[in-house]
Every structure is written in C-alpha cells, then in structure tokens.
$ cat my_file-v7.csv   # CSV, C-alpha atoms
chain,number,residue,atom,x,y,z
A,1068,MET,CA,89.4,85.2,85.0
A,1069,LYS,CA,91.1,82.0,85.7
A,1070,ARG,CA,90.9,81.0,89.4
A,1071,GLN,CA,94.2,81.2,91.1
A,1072,SER,CA,95.8,78.0,92.2
A,1073,TYR,CA,96.2,77.6,96.0
A,1074,ILE,CA,94.1,80.7,96.9
A,1075,ALA,CA,91.5,78.6,98.6
A,1076,ALA,CA,94.0,76.6,100.5
A,1077,VAL,CA,96.0,79.7,101.6
A,1078,ALA,CA,92.8,81.4,102.7
A,1079,THR,CA,92.2,78.8,105.4
A,1080,ALA,CA,95.7,79.3,107.0
A,1081,ALA,CA,95.3,82.6,108.9
A,1082,VAL,CA,93.1,82.1,111.9
A,1083,ILE,CA,94.4,84.7,114.3
A,1084,GLY,CA,93.7,87.8,112.3
A,1085,THR,CA,95.9,89.2,109.5
A,1086,THR,CA,98.9,91.5,109.6
A,1087,GLY,CA,98.0,95.1,110.3
A,1088,GLY,CA,94.6,94.0,111.8
A,1089,ALA,CA,92.7,95.6,114.6
A,1090,ALA,CA,94.7,93.9,117.3
A,1091,THR,CA,98.2,94.6,116.0
A,1092,ALA,CA,100.3,93.7,119.0
A,1093,LEU,CA,103.6,95.3,117.8
A,1094,ARG,CA,104.3,98.3,115.6
A,1095,ALA,CA,107.2,97.9,113.1
A,1096,ASP,CA,109.1,100.7,114.9
A,1097,GLU,CA,108.7,98.9,118.2
A,1098,PRO,CA,110.0,95.3,117.5
A,1099,SER,CA,109.8,92.6,120.1
A,1100,ALA,CA,113.0,91.0,121.2
A,1101,ALA,CA,111.4,87.6,120.7
A,1102,ALA,CA,113.9,85.1,122.1
A,1103,GLY,CA,114.6,81.7,120.7
A,1104,ARG,CA,117.4,79.2,120.2
A,1105,PRO,CA,119.1,78.2,117.0
A,1106,GLY,CA,117.8,75.0,115.5
A,1107,SER,CA,117.2,73.2,112.2
A,1108,GLY,CA,113.5,72.4,112.5
A,1109,ALA,CA,111.7,71.0,109.4
A,1110,GLY,CA,114.7,71.2,107.1
A,1111,ALA,CA,114.8,75.0,107.1
A,1112,SER,CA,117.7,77.3,106.4
A,1113,THR,CA,117.1,80.9,107.4
A,1114,ALA,CA,119.1,84.0,106.4
A,1115,SER,CA,119.2,86.9,108.9
A,1116,THR,CA,117.8,90.3,107.6
A,1117,ALA,CA,118.9,93.5,109.4
A,1118,GLU,CA,116.0,95.6,108.3
A,1119,ALA,CA,113.2,93.2,108.9
A,1120,ALA,CA,112.6,89.9,110.7
A,1121,PRO,CA,110.1,87.7,108.8
A,1122,LEU,CA,107.9,85.4,111.0
A,1123,TRP,CA,106.7,82.1,109.7
A,1124,ALA,CA,106.0,78.6,111.0
A,1125,THR,CA,106.6,75.0,109.8
A,1126,PRO,CA,105.2,71.9,111.5
A,1127,GLY,CA,106.5,72.0,115.1
A,1128,ALA,CA,108.7,75.1,114.7
A,1129,ILE,CA,108.3,78.9,114.7
A,1130,HIS,CA,110.9,80.8,112.6
A,1131,ASP,CA,111.5,84.4,113.8
A,1132,GLY,CA,114.1,86.1,111.8
A,1133,ASP,CA,117.3,84.0,112.2
A,1134,LYS,CA,115.9,82.2,115.3
A,1135,VAL,CA,114.1,78.8,115.1
A,1136,ILE,CA,111.9,78.0,118.1
A,1137,GLU,CA,111.1,74.3,118.4
A,1138,VAL,CA,107.6,74.2,119.8
A,1139,LYS,CA,106.8,71.5,122.4
A,1140,GLY,CA,103.2,70.2,122.3
A,1141,MET,CA,102.2,71.4,118.8
A,1142,GLY,CA,102.3,69.7,115.5
A,1143,ARG,CA,100.9,71.4,112.4
A,1144,ILE,CA,100.9,75.1,113.1
A,1145,ASN,CA,98.5,76.9,110.9
A,1146,SER,CA,98.9,80.5,112.2
A,1147,VAL,CA,101.3,82.4,114.4
A,1148,ARG,CA,101.7,85.9,115.7
A,1149,ARG,CA,104.1,87.7,118.0
A,1150,LEU,CA,103.0,88.9,121.4
A,1151,PRO,CA,104.4,92.1,123.0
A,1152,ASP,CA,106.2,90.1,125.8
A,1153,GLY,CA,108.3,88.1,123.3
A,1154,GLY,CA,106.1,85.0,123.2
A,1155,TYR,CA,103.7,83.9,120.4
A,1156,LEU,CA,100.1,83.0,119.9
A,1157,ALA,CA,99.7,80.0,117.6
A,1158,THR,CA,96.9,77.7,116.4
A,1159,GLU,CA,96.8,74.2,115.1
A,1160,PRO,CA,93.9,72.0,113.8
A,1161,ALA,CA,92.1,70.3,116.7
A,1162,THR,CA,91.7,67.1,114.7
A,1163,PRO,CA,94.6,66.9,112.2
A,1164,GLY,CA,93.7,65.3,108.9
A,1165,SER,CA,89.9,65.8,109.2
A,1166,GLU,CA,87.5,68.4,107.8
A,1167,ASP,CA,86.7,69.7,111.3
A,1168,PRO,CA,87.3,73.5,111.3
A,1169,ALA,CA,88.0,73.5,115.1
A,1170,LYS,CA,91.4,74.9,116.1
A,1171,GLY,CA,93.4,74.9,119.3
A,1172,VAL,CA,94.8,78.3,120.4
A,1173,TYR,CA,98.1,78.1,122.2
A,1174,ARG,CA,100.3,80.6,124.0
A,1175,VAL,CA,103.9,79.7,123.1
A,1176,SER,CA,106.8,81.0,125.3
A,1177,PRO,CA,110.0,82.3,123.8
A,1178,GLU,CA,111.5,78.9,124.7
A,1179,GLY,CA,108.9,77.0,122.8
A,1180,GLN,CA,106.6,75.8,125.6
A,1181,ALA,CA,103.0,75.7,124.3
A,1182,ASP,CA,100.0,76.1,126.7
A,1183,LEU,CA,96.4,75.7,125.5
A,1184,VAL,CA,94.3,78.9,125.8
A,1185,THR,CA,91.1,77.7,124.1
A,1186,PHE,CA,89.5,76.0,121.1
A,1187,ILE,CA,87.7,78.1,118.5
A,1188,ARG,CA,86.2,78.0,115.0
A,1189,GLY,CA,86.8,80.8,112.5
A,1190,VAL,CA,89.1,83.8,112.8
A,1191,GLY,CA,90.0,85.1,116.2
A,1192,ASP,CA,92.0,88.1,117.4
A,1193,VAL,CA,94.3,89.5,120.1
A,1194,ASN,CA,93.9,92.9,121.8
A,1195,ALA,CA,96.6,95.6,121.6
A,1196,ASP,CA,98.5,94.7,124.7
A,1197,GLY,CA,98.4,91.0,124.0
A,1198,THR,CA,96.5,89.9,127.1
A,1199,ARG,CA,93.1,88.9,125.7
A,1200,PHE,CA,91.9,86.8,122.9
A,1201,VAL,CA,88.4,86.7,121.3
A,1202,GLY,CA,87.1,83.9,119.1
A,1203,LEU,CA,84.0,81.9,118.3
A,1204,ASP,CA,83.3,79.3,120.9
A,1205,LEU,CA,83.6,75.6,120.0
A,1206,LYS,CA,79.8,75.2,120.2
A,1207,SER,CA,79.5,78.0,117.5
A,1208,ASP,CA,76.8,79.8,119.5
A,1209,ARG,CA,78.8,82.8,120.9
A,1210,TYR,CA,82.1,84.7,120.9
A,1211,VAL,CA,84.2,84.4,124.0
A,1212,VAL,CA,86.9,86.8,125.4
A,1213,ARG,CA,89.6,84.9,127.3
A,1214,ASP,CA,92.7,85.8,129.3
A,1215,ILE,CA,95.6,84.6,127.2
A,1216,ALA,CA,97.8,83.8,130.2
A,1217,THR,CA,95.3,81.6,132.0
A,1218,GLY,CA,92.6,80.7,129.4
A,1219,ARG,CA,89.9,82.1,131.8
A,1220,GLU,CA,86.7,83.3,130.3
A,1221,LEU,CA,86.3,87.1,130.8
A,1222,ALA,CA,83.3,88.0,128.7
A,1223,GLU,CA,80.9,86.7,126.0
A,1224,ILE,CA,79.1,88.1,123.0
A,1225,SER,CA,76.1,86.0,122.5
A,1226,VAL,CA,73.5,88.3,120.9
A,1227,GLY,CA,73.7,89.5,117.3
A,1228,PRO,CA,72.5,92.7,115.6
A,1229,ARG,CA,69.1,91.1,114.6
A,1230,ARG,CA,66.8,88.7,116.4
A,1231,GLY,CA,67.8,85.1,115.8
A,1232,SER,CA,71.3,86.0,114.4
A,1233,ARG,CA,73.9,83.3,114.5
A,1234,PRO,CA,77.7,84.0,114.7
A,1235,THR,CA,79.7,83.2,111.5
A,1236,GLY,CA,83.1,82.9,113.2
A,1237,ARG,CA,85.0,86.1,112.4
A,1238,ALA,CA,86.1,88.5,115.2
A,1239,ALA,CA,88.5,91.5,115.5
A,1240,TYR,CA,89.4,94.0,118.2
A,1241,LEU,CA,88.5,97.7,117.8
A,1242,ASP,CA,90.5,99.2,120.7
A,1243,THR,CA,88.3,98.2,123.7
A,1244,ARG,CA,85.4,97.1,121.5
A,1245,VAL,CA,85.1,93.8,119.6
A,1246,ALA,CA,83.8,93.5,116.1
A,1247,THR,CA,82.0,90.2,115.3
A,1248,GLU,CA,80.1,88.8,112.3
A,1249,TRP,CA,76.6,87.5,112.4
A,1250,ARG,CA,74.0,86.2,109.9
A,1251,ALA,CA,70.2,86.5,110.6
A,1252,PRO,CA,67.9,83.6,109.6
A,1253,LYS,CA,67.2,83.5,105.8
A,1254,ALA,CA,69.3,86.6,105.4
A,1255,LYS,CA,71.5,86.8,102.2
A,1256,ARG,CA,74.0,89.1,103.9
A,1257,SER,CA,76.0,88.9,107.1
A,1258,TYR,CA,76.4,91.8,109.5
A,1259,VAL,CA,79.5,93.1,111.2
A,1260,TYR,CA,78.9,95.0,114.5
A,1261,ALA,CA,80.9,96.1,117.5
A,1262,VAL,CA,80.2,96.0,121.2
A,1263,THR,CA,82.2,96.6,124.3
A,1264,PRO,CA,82.3,93.4,126.3
A,1265,SER,CA,80.8,93.5,129.8
A,1266,SER,CA,79.3,96.9,129.0
A,1267,ASP,CA,75.8,98.4,128.5
A,1268,GLU,CA,77.0,100.3,125.5
A,1269,SER,CA,74.7,100.0,122.5
A,1270,PRO,CA,76.0,97.9,119.6
A,1271,LEU,CA,77.3,99.7,116.5
A,1272,VAL,CA,76.6,98.1,113.1
A,1273,LEU,CA,79.8,98.6,111.0
A,1274,ALA,CA,79.0,96.9,107.7
A,1275,GLU,CA,76.8,94.4,105.9
A,1276,GLY,CA,77.5,92.0,103.1
A,1277,LEU,CA,81.3,92.0,103.5
A,1278,SER,CA,83.6,89.0,103.4
A,1279,GLU,CA,87.3,88.8,104.2
A,1280,TRP,CA,86.8,92.0,106.2
A,1281,ASN,CA,89.3,93.5,108.6
A,1282,VAL,CA,89.8,96.7,110.5
A,1283,SER,CA,92.9,98.9,110.8
A,1284,ALA,CA,95.3,98.9,113.7
A,1285,GLU,CA,93.9,102.1,115.2
A,1286,GLY,CA,90.3,100.8,114.7
A,1287,GLY,CA,89.2,103.7,112.4
A,1288,ARG,CA,89.0,102.0,109.0
A,1289,ILE,CA,87.4,98.9,107.6
A,1290,ALA,CA,88.0,96.9,104.4
A,1291,GLY,CA,86.5,93.8,102.8
A,1292,ASN,CA,85.1,92.2,99.7
A,1293,ARG,CA,81.6,92.6,98.3
A,1294,PRO,CA,80.2,90.3,95.5
A,1295,ASN,CA,80.4,91.8,92.0
A,1296,ARG,CA,76.9,91.6,90.5
A,1297,ASP,CA,78.2,92.0,86.9
A,1298,PRO,CA,78.3,88.4,85.5
A,1299,ASN,CA,80.6,89.6,82.7
A,1300,ALA,CA,83.2,91.2,84.9
A,1301,ASP,CA,86.8,90.1,85.2
A,1302,SER,CA,86.5,89.6,89.0
A,1303,ASN,CA,83.6,88.2,91.0
A,1304,ARG,CA,84.6,90.4,94.0
A,1305,CYS,CA,84.9,94.1,94.6
A,1306,ALA,CA,87.1,95.7,97.3
A,1307,VAL,CA,85.3,98.0,99.8
A,1308,ILE,CA,87.3,100.4,101.9
A,1309,GLY,CA,86.7,103.4,104.2
A,1310,THR,CA,86.1,104.5,107.7
A,1311,LEU,CA,83.7,102.8,110.1
A,1312,SER,CA,81.0,105.4,109.3
A,1313,GLN,CA,81.7,106.0,105.6
A,1314,LYS,CA,82.6,103.3,103.1
A,1315,LYS,CA,83.1,103.2,99.4
A,1316,THR,CA,83.3,100.5,96.8
A,1317,ILE,CA,86.4,101.0,94.6
A,1318,ASP,CA,86.2,99.7,91.1
A,1319,CYS,CA,86.3,95.9,90.8
A,1320,GLY,CA,89.8,95.9,89.5
A,1321,HIS,CA,91.0,94.8,93.0
A,1322,TRP,CA,90.0,92.4,95.7
A,1323,PHE,CA,91.4,91.1,99.0
A,1324,TYR,CA,92.2,87.4,99.5
A,1325,GLY,CA,93.1,85.2,102.4
A,1326,ALA,CA,91.2,85.1,105.7
A,1327,GLN,CA,91.1,88.9,106.0
A,1328,ALA,CA,92.2,92.1,104.1
A,1329,ALA,CA,95.8,92.9,105.1
A,1330,TYR,CA,96.6,96.4,106.5
A,1331,SER,CA,100.0,97.9,106.9
A,1332,PRO,CA,100.9,98.3,110.6
A,1333,ASP,CA,99.9,102.0,110.6
A,1334,GLY,CA,96.6,101.3,108.7
A,1335,SER,CA,97.5,103.6,105.8
A,1336,ARG,CA,97.9,100.9,103.2
A,1337,LEU,CA,96.2,97.7,102.1
A,1338,LEU,CA,97.5,94.7,100.2
A,1339,ALA,CA,95.2,93.8,97.2
A,1340,VAL,CA,95.2,91.4,94.3
A,1341,PRO,CA,94.6,92.8,90.8
A,1342,ALA,CA,91.4,91.3,89.3
A,1343,LEU,CA,93.2,90.1,86.1
A,1344,THR,CA,95.8,88.1,88.0
A,1345,ASP,CA,96.1,84.7,86.4
A,1346,GLY,CA,98.0,81.5,86.9
A,1347,PHE,CA,99.6,80.0,90.0
A,1348,GLY,CA,99.0,82.3,93.0
A,1349,PRO,CA,98.6,86.1,92.9
A,1350,GLY,CA,101.4,87.0,90.4
A,1351,ARG,CA,101.3,90.6,91.6
A,1352,PHE,CA,100.3,92.6,94.6
A,1353,ASP,CA,99.0,96.2,94.4
A,1354,VAL,CA,99.4,98.3,97.5
A,1355,LEU,CA,96.4,100.5,97.9
A,1356,ASN,CA,95.9,103.7,99.9
A,1357,SER,CA,93.4,102.6,102.5
A,1358,TRP,CA,91.6,106.0,102.4
A,1359,ASP,CA,90.8,106.4,98.7
A,1360,GLY,CA,91.8,103.1,97.1
A,1361,SER,CA,94.5,104.6,94.8
A,1362,VAL,CA,97.4,102.4,93.9
A,1363,GLU,CA,100.6,103.4,95.6
A,1364,ALA,CA,102.8,100.6,94.4
A,1365,GLU,CA,102.8,97.5,92.2
A,1366,VAL,CA,104.9,94.6,93.4
A,1367,ASP,CA,105.7,91.9,90.8
A,1368,LEU,CA,106.1,88.6,92.7
A,1369,PRO,CA,108.5,85.7,92.2
A,1370,ASP,CA,107.4,82.5,90.5
A,1371,TRP,CA,105.0,80.3,92.5
A,1372,ALA,CA,104.2,83.0,95.1
A,1373,GLN,CA,101.2,82.1,97.2
A,1374,ARG,CA,100.6,84.7,100.0
A,1375,GLY,CA,101.8,88.1,101.3
A,1376,ALA,CA,101.6,90.3,104.3
A,1377,PHE,CA,103.1,93.7,105.4
A,1378,LEU,CA,106.3,93.4,107.4
A,1379,ASP,CA,106.4,97.2,107.8
A,1380,GLU,CA,104.9,100.1,105.9
A,1381,ASP,CA,107.4,99.8,103.0
A,1382,THR,CA,108.2,96.1,103.0
A,1383,LEU,CA,106.2,93.0,102.2
A,1384,MET,CA,106.7,89.4,103.4
A,1385,VAL,CA,105.8,86.9,100.7
A,1386,LYS,CA,105.5,83.1,100.9
A,1387,GLY,CA,106.0,81.0,97.8
A,1388,ALA,CA,106.5,77.4,96.9
A,1389,THR,CA,109.7,75.9,95.6
A,1390,ASP,CA,108.1,74.6,92.4
A,1391,GLY,CA,104.9,74.7,90.3
A,1392,ASP,CA,103.4,71.7,92.2
A,1393,GLY,CA,103.3,73.8,95.4
A,1394,ASN,CA,106.0,71.9,97.2
A,1395,GLY,CA,108.1,73.4,100.0
A,1396,THR,CA,108.4,77.0,101.0
A,1397,VAL,CA,110.4,80.1,100.1
A,1398,ILE,CA,110.1,83.2,102.1
A,1399,TYR,CA,110.8,86.6,100.4
A,1400,THR,CA,111.0,90.2,101.5
A,1401,CYS,CA,109.8,92.7,98.9
A,1402,GLU,CA,110.5,96.4,99.0
A,1403,LEU,CA,107.6,98.5,97.6
A,1404,ASP,CA,110.1,100.4,95.4
A,1405,GLY,CA,112.4,97.5,94.6
A,1406,GLN,CA,112.8,93.8,94.0
A,1407,CYS,CA,111.9,90.7,96.1
A,1408,ARG,CA,114.8,88.8,97.6
A,1409,GLU,CA,114.8,85.3,99.2
A,1410,THR,CA,115.4,85.3,103.0
A,1411,ALA,CA,114.6,81.7,103.9
A,1412,ARG,CA,113.7,78.3,102.5
A,1413,SER,CA,112.2,75.1,103.9
A,1414,GLU,CA,111.4,71.6,102.6
A,1415,ALA,CA,108.1,71.8,104.6
A,1416,ASP,CA,105.0,73.8,103.8
A,1417,ALA,CA,104.8,76.9,106.0
A,1418,VAL,CA,102.5,79.7,107.0
A,1419,LEU,CA,103.3,83.4,107.3
A,1420,GLY,CA,103.0,85.0,110.7
A,1421,ILE,CA,101.7,88.3,112.0
A,1422,THR,CA,104.7,90.5,112.8
A,1423,GLY,CA,103.4,94.0,113.4
$ encode --input "my_file-v7.csv" --output "structure tokens"
Amino acid sequence: MKRQSYIAAVATAAVIGTTGGAATALRADEPSAAAGRPGSGAGASTASTAEAAPLWATPGAIHDGDKVIEVKGMGRINSVRRLPDGGYLATEPATPGSEDPAKGVYRVSPEGQADLVTFIRGVGDVNADGTRFVGLDLKSDRYVVRDIATGRELAEISVGPRRGSRPTGRAAYLDTRVATEWRAPKAKRSYVYAVTPSSDESPLVLAEGLSEWNVSAEGGRIAGNRPNRDPNADSNRCAVIGTLSQKKTIDCGHWFYGAQAAYSPDGSRLLAVPALTDGFGPGRFDVLNSWDGSVEAEVDLPDWAQRGAFLDEDTLMVKGATDGDGNGTVIYTCELDGQCRETARSEADAVLGITG
C-alpha cells in the first residue's frame, strides 16, 4: 500500500484528545453557545451551517461556526476544543519552528483572551465538565492533573503498571479515572492502564501493544491500532475495538489514523481508514460500529482531503487542502448518507477542533 501523503503531518496536530474521546465536554444535542465576534482572521471566509457548527483554527484565530475569535497571546494553534462554559482549550508549540514536542496549553475565553494552563508533551485530555486537564509533565516523568481555571496542580500519576515503567505521553479521561500509557524497560509493547488520581484504588490494566488508542465518551469502550505481523498484507496496522474488559481485532482491512481513534459523541461509531486507501490523504472514510467493527457507512471524500472527525453521530467534519500541494484549507461537512459540501475556506493551514 502506498503511504498516504500528509498522514504523518496530520497525526501530530491533535494534542488535546480526539473528537468523541473520553473527555467529551459537549454532546451534539447539547451545543455550547460559544460566543465570539465576527472577524476576518487568516484570510478565511466562513459559511454558516444551521445543522452543525464546525470548529477549526488557523494561526491566531479560532473559527466556531460563523464566528471568528481572534486569539490574543497565541500564534500557531495546533489543537482546539470547546469547553462547556463557552470557552476553548487550545495548544501551540512551545518553541515554534523547532523539533521540540513541548506544547503550551491555554484556556481561551469566548472573547479570545488566552491564559496559560501548563506545558505538556504528548496527547492530553479534559474531563467531562471541562474543569480539569491531564497531560504528561514537561519533564516527561509523570502525568499531572491540573485545574484548568488556575493551572494549579491537583494530582499526579507517577507510577506505571510495571517496575521501571516510563510514561509515553498519551492520556485520556475515563469518568473519574485517568487512562495513561507507559512502557517498561526493554519492553516491546506499551501498556495502557487506569487509576483514580488521589485514590488508593488499584490500577486497572486496559490494554497492551496499542497505538493511536482512545476511549469512548462514556468510558466503556476502547479502540486503537495493533501492528500487522503479516509482511505481505495491504496494511501494516490492524484496528482493535471492544470494551475495556473484552477486545477483538477486526480484520486488517481498516486502521485508525491521527493522534487517536475518533469516536462519535455517543461512542457508538468509529472513524476508520480503509487499508487500501491510496494517494493524497485518506480518500475515503469508513464508519465502523464500535461494538463489532461492521461498516455502517462509506464516505467518499473530496479531492485533497486530509483529516476527519465526527461533528455528530451522522455528520463528519473533514479538513482538506485547496490543491495537491497541500496549500490552504477547505472545511467540509459530510452526511453519512449523502455528499460532502464545503462550509469554509482559508488561505492558511488549519486544524480541526473537538466539537462534541
């Protein structure tokens, strides 16, 4: 299989979880009235959509439906998500233009004022009510839970599932518990396990050997990629789905890409890439039943599509480029039983947000 262009670059963009993840702050049937002011930021033009409000960001601006929020104090935004109170949580590279993976995490008000919460490495997450954030500490030796409003440290997770384990940088909320990823010395596989911060509760090992893993909004299901050991296969990855206690590997005809597997807001569906996808970007998304892996919908994507996420259970939000060289951004909404339509366009490169 030909490696898809831009997959590696897109995979680095989402660093506050993925749509439909464990800490989904809003459900699609309970939209936030995120306030903003009209503006023109980054050469963008945005069309209002009545049935869904795509969320995306360009350098220095958050685009929420037909609103453009010019962000004070942030430059290149590489992830954004809505918070229940109408604000946003966004990240930017700590050292723009360098290879340093450190990221600054900011709480952004509806008016665009950005206040630093913390610095992290890897993929962090927000709890269900939008008050706490968990991520790998800048020293890369522990995961830290912080109060989003103040940045104050509330708890730490500094011990892995095996002696000498080191954190790899991926974290997600499971209701009141936190799932984190660790790798033991000389181990070939990493381990995902859950603990309740500031509690004597015994840790629970959730999975081993998964990459791009994520958990569903209600915390009852897990999905990720596992290496395909067949050297002649069309894909070098296999999708793994199931509950936290019972997992199954579906055939290697699908895999998840990006920072994490993308769940729908209710956790019933997953967004996957067919193994035989070829050319620029995914080309097609298959919507899988998150319980048994069956294909519920096939969504053919516009030319130069790069990344997708659930907007609600029956609608996808897709980011594409304006040409085959990857320039600019086009935002589409795609119904699972219909066609994709353009809803916004920008001269700048953009990232998709987490909406529900």
$ closest_residue --input "my_file-v7.csv" --among "A:Asp1131, A:Gly1189, A:Asp1301, A:Asp1379" --to "Asp1167 of chain A" --atoms "only C-alpha atoms"
A:Gly1189
$ atom_distance --input "my_file-v7.csv" --atom1 "atom CA of Gly1154 of chain A" --atom2 "atom CA of Glu1220 of chain A"
20.7 Å
$ atom_distance --input "my_file-v7.csv" --atom1 "atom CA of Glu1285 of chain A" --atom2 "atom CA of Leu1122 of chain A"
22.2 Å
$ residues_around --input "my_file-v7.csv" --residues "Cys1407 of chain A" --least-positions-apart "5" --cutoff "8 Å" --atoms "all atoms listed in the file" --output "ChimeraX atom specification"
/A:1368-1369,1399-1402
$ closest_residue --input "my_file-v7.csv" --among "A:Gly1179, A:Gly1171, A:Pro1349, A:Pro1163" --to "Val1135 of chain A" --atoms "all atoms listed in the file"
A:Gly1179
$ residues_around --input "my_file-v7.csv" --residues "Trp1371 of chain A" --least-positions-apart "3" --cutoff "9 Å" --atoms "all atoms listed in the file" --output "JSON, numbers by chain"
{"A": [1347, 1348, 1349, 1350, 1368, 1386, 1387, 1388, 1389, 1390, 1391, 1392, 1393]}
$ atom_distance --input "my_file-v7.csv" --atom1 "atom CA of Gly1287 of chain A" --atom2 "atom CA of Leu1355 of chain A"
16.5 Å
$ closest_residue --input "my_file-v7.csv" --among "A:Met1141, A:Ala1415, A:Leu1277, A:Val1362" --to "Asn1295 of chain A" --atoms "all atoms listed in the file"
A:Leu1277
$ residues_around --input "my_file-v7.csv" --residues "Asn1194 of chain A" --least-positions-apart "4" --cutoff "7 Å" --atoms "all atoms listed in the file" --output "PyMOL selection string"
chain A and resi 1090+1198-1200+1240
$ residues_around --input "my_file-v7.csv" --residues "Arg1293 of chain A" --least-positions-apart "5" --cutoff "8 Å" --atoms "all atoms listed in the file" --output "PyMOL selection string"
chain A and resi 1276-1278+1304-1307
$ write_last_selection --input "my_file-v7.csv" --atoms "C-alpha atoms" --output "compact mmCIF listing (two decimals), in the frame of the given file"
# COMPACT_ATOMS: atom_id res chain seq x y z
CA GLY A 1276 77.50 92.00 103.10
CA LEU A 1277 81.30 92.00 103.50
CA SER A 1278 83.60 89.00 103.40
CA ARG A 1304 84.60 90.40 94.00
CA CYS A 1305 84.90 94.10 94.60
CA ALA A 1306 87.10 95.70 97.30
CA VAL A 1307 85.30 98.00 99.80
$ residues_around --input "my_file-v7.csv" --residues "Leu1337 of chain A" --least-positions-apart "3" --cutoff "9 Å" --atoms "all atoms listed in the file" --output "VMD selection string"
chain A and resid 1087 1290 1323 1328 to 1331 1334 1353 to 1357 1360 1377
$ residues_near_point --input "my_file-v7.csv" --point "(100.2, 88.8, 129.1)" --cutoff "8 Å" --atoms "all atoms listed in the file" --output "number ranges by chain"
A: 1152, 1196-1199, 1215-1216
$ closest_residue --input "my_file-v7.csv" --among "A:Gly1236, A:Pro1270, A:Gly1395, A:Gly1127" --to "Ala1326 of chain A" --atoms "all atoms listed in the file"
A:Gly1236
$ closest_residue --input "my_file-v7.csv" --among "A:Lys1206, A:Arg1288, A:His1130, A:Arg1244" --to "Ala1222 of chain A" --atoms "all atoms listed in the file"
A:Arg1244
$ decode --input "my_file-v7.csv" --residues "segment 1236-1249 of chain A" --atoms "N, CA and C atoms" --output "PDB file, in the first residue's frame"
ATOM      1  N   GLY A1236       3.347   9.512  27.049  1.00  0.00           N
ATOM      2  CA  GLY A1236       2.811  10.818  26.704  1.00  0.00           C
ATOM      3  C   GLY A1236       1.351  10.861  26.317  1.00  0.00           C
ATOM      4  N   ARG A1237       0.613   9.754  26.385  1.00  0.00           N
ATOM      5  CA  ARG A1237      -0.786   9.740  25.969  1.00  0.00           C
ATOM      6  C   ARG A1237      -1.680   9.553  27.196  1.00  0.00           C
ATOM      7  N   ALA A1238      -2.712  10.390  27.333  1.00  0.00           N
ATOM      8  CA  ALA A1238      -3.608  10.318  28.485  1.00  0.00           C
ATOM      9  C   ALA A1238      -5.037  10.598  28.057  1.00  0.00           C
ATOM     10  N   ALA A1239      -6.018   9.964  28.724  1.00  0.00           N
ATOM     11  CA  ALA A1239      -7.438  10.187  28.428  1.00  0.00           C
ATOM     12  C   ALA A1239      -8.246   9.953  29.693  1.00  0.00           C
ATOM     13  N   TYR A1240      -9.338  10.700  29.827  1.00  0.00           N
ATOM     14  CA  TYR A1240     -10.212  10.537  30.986  1.00  0.00           C
ATOM     15  C   TYR A1240     -11.184   9.383  30.793  1.00  0.00           C
ATOM     16  N   LEU A1241     -11.416   8.644  31.879  1.00  0.00           N
ATOM     17  CA  LEU A1241     -12.424   7.586  31.953  1.00  0.00           C
ATOM     18  C   LEU A1241     -13.338   7.926  33.125  1.00  0.00           C
ATOM     19  N   ASP A1242     -14.285   8.801  32.909  1.00  0.00           N
ATOM     20  CA  ASP A1242     -15.112   9.319  34.003  1.00  0.00           C
ATOM     21  C   ASP A1242     -14.190   9.960  35.039  1.00  0.00           C
ATOM     22  N   THR A1243     -14.126   9.402  36.271  1.00  0.00           N
ATOM     23  CA  THR A1243     -13.249   9.971  37.295  1.00  0.00           C
ATOM     24  C   THR A1243     -11.842   9.396  37.230  1.00  0.00           C
ATOM     25  N   ARG A1244     -11.655   8.337  36.464  1.00  0.00           N
ATOM     26  CA  ARG A1244     -10.329   7.741  36.330  1.00  0.00           C
ATOM     27  C   ARG A1244      -9.581   8.370  35.161  1.00  0.00           C
ATOM     28  N   VAL A1245      -8.282   8.134  35.148  1.00  0.00           N
ATOM     29  CA  VAL A1245      -7.437   8.616  34.065  1.00  0.00           C
ATOM     30  C   VAL A1245      -6.681   7.435  33.479  1.00  0.00           C
ATOM     31  N   ALA A1246      -6.766   7.274  32.160  1.00  0.00           N
ATOM     32  CA  ALA A1246      -6.002   6.246  31.463  1.00  0.00           C
ATOM     33  C   ALA A1246      -4.719   6.872  30.936  1.00  0.00           C
ATOM     34  N   THR A1247      -3.588   6.215  31.178  1.00  0.00           N
ATOM     35  CA  THR A1247      -2.300   6.711  30.724  1.00  0.00           C
ATOM     36  C   THR A1247      -1.507   5.570  30.086  1.00  0.00           C
ATOM     37  N   GLU A1248      -0.511   5.924  29.291  1.00  0.00           N
ATOM     38  CA  GLU A1248       0.276   4.916  28.581  1.00  0.00           C
ATOM     39  C   GLU A1248       1.713   4.912  29.092  1.00  0.00           C
ATOM     40  N   TRP A1249       2.254   3.693  29.274  1.00  0.00           N
ATOM     41  CA  TRP A1249       3.593   3.519  29.830  1.00  0.00           C
ATOM     42  C   TRP A1249       4.333   2.433  29.066  1.00  0.00           C
TER      43      TRP A1249
END
